[in-house]
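**Q** Provided herewith is a single structure, encoded as structure tokens, for subsequent inquiry.
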Amino acid sequence: MSNLFNSIRFFGLIRRQWISFGRIYLMSIGIIAGVIFGFYVFNFNSFYNDVQNAHSSILNFRAPLFCILGLFFVTVISSSYFANLGRKTTAILELMIPASQLEKFLVGIFYTTIVGVGSYLLIFYLIDFSFVSYLRSYSSMTLTYNEGGREVIIDVNQYFFKVKYENVAYYFCVLPMLLNAIFLLGGILFQNYQYIKTAISLVVFCVAWVVLFIYLMKIQTDNTVHTMDKSYWSDPDHVFGLIACVGVLLTVIFWYIGFLRLKEKEV
């Protein structure tokens with residue numbers, strides 16, 4: 001069998017993998033939907049008077065919930081996709097699938113990024129739309145004053161997909177892809193407890209990197225006078241743009257290492 005990419009085998013593998021991975025995926029997305037729904041119900045019940053009067057928004061929990069739960073969901077499905085390779089009985093069946101290792105790895109990325117992230121966004125937005133529509137049936141406008149003392153009408157209950165954040169927040173969109181690459185690699189590397197071992201390795205690496213960064217910055221800034229200048233790196237967009245580029249590069253590197261490790265499993 002050719003190890004080159006074949007579109008017929010690729011789409012056939014997508015259908016085949018749904019049989020084994022679909023159950024885990026549906027269970028995960030069902031639990032995530034239940035957690036999101038529970039958060040909305042809890043906050044609406046806890047602040048019922050605010051819902052009635054619309055004096056202030058009760059939806060400030062959405063952004064932290066969206067980020068934390070979304071990243072957790074991505075890491076779980078990424079770590080579990082190649083989990084069968086950790087058991088000899090299932091690993092043999094996985095490796096005997098009539099498809100190249102490139103096709104198997106690309107299907108893994110497809111399910112854990114495009115399908116996984118896409119379905120999470122859909123579930124979150126649908127639940128948010130239903131609750132916010134109920135909230136807006138009372139009132140969503142509130143009157144406030146700007147710095148000049150002029151009256152301003154603000155929509156305090158916007159749909160989540162309409163909320164605008166600072167530009168730097170969008171640079172972190174690369175984070176789910178980076179975590180996907182790391183946990184896909186962990187699912188291939190470790191024989192058991194893939195999620196726990198990958199998470200511990202990631203935490204240890206991050207702590208070591210932060211300590212090293214602080215130490216190097218301390219060495220560089222000792223006995224120096226800090227001055228504010230308008231250099232290229234004083235712009236937050238440039239700094240976070242560089243971080244995003246590094247994140248994209250690391251994502252590609254981890255995906256490539258994961259692909260090589262997957263090929264080694266076949267040997």
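Going through the structure tokens in order, the chains are called A, B, and so on, while each chain numbers its residues from 1 and the ligands are numbered from 1 in the order shown.
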Can you tell me, as a VMD selection string, what residues are no more than 10 Å from range 102-116 of chain A when counting only C-alpha atoms, ignoring any on the same chain fewer than 5 positions away?

**A** chain A and resid 3 to 7 9 to 11 13 to 15 17 to 18 21 to 22 25 28 to 29 70 73 to 82 94 to 95 97 121 176 to 177 180 to 181 184 255 to 256 258 to 260 262 to 263

**Q** Using Å and a single decimal, report how far CA of Leu59 in chain A sits from CA of Asp237 in chain A.

**A**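 CA of Leu59 in chain A lies 27.4 Å from CA of Asp237 in chain A.
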
**Q** I'd like the neighbourhood of Phe39 in chain A as a VMD selection string, where a residue qualifies if any of its atoms comes within 12 Å (using only C-alpha atoms), though same-chain residues fewer than 2 positions away should be ignored.

**A** chain A and resid 32 to 37 41 to 46 58 to 62 64 to 66 69 124 127 to 128 131

**Q** Of the candidates A:Ala83, A:Cys245, A:Ala208, A:Ile8, which shows the shortest atom-to-atom distance to Tyr193 in chain A, using only C-alpha atoms?

**A**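 Ranked by minimum distance to Tyr193 in chain A, first place goes to A:Ala83.
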
**Q** Rounded to one decimal in Å, what is the spacing between CA of Tyr171 in chain A and CA of Gly186 in chain A?

**A**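 CA of Gly186 in chain A lies at a distance of 24.6 Å from CA of Tyr171 in chain A.
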
**Q** Ranking A:Ala244, A:Leu122, A:Ala169, A:Val132 by minimum distance to Cys67 in chain A and counting only C-alpha atoms, which one comes first?

**A**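 Among the listed residues, the smallest separation from Cys67 in chain A belongs to A:Ala169.
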
**Q** When you count only C-alpha atoms, which of these residues is closest to Tyr195 in chain A: A:Ile19, A:Phe72, A:Ile123, A:Val117?

**A** A:Phe72

**Q** Go ahead and compute the interatomic distance for CA of Asp235 in chain A and CA of Val174 in chain A, in Å to one decimal.

**A** 19.7 Å
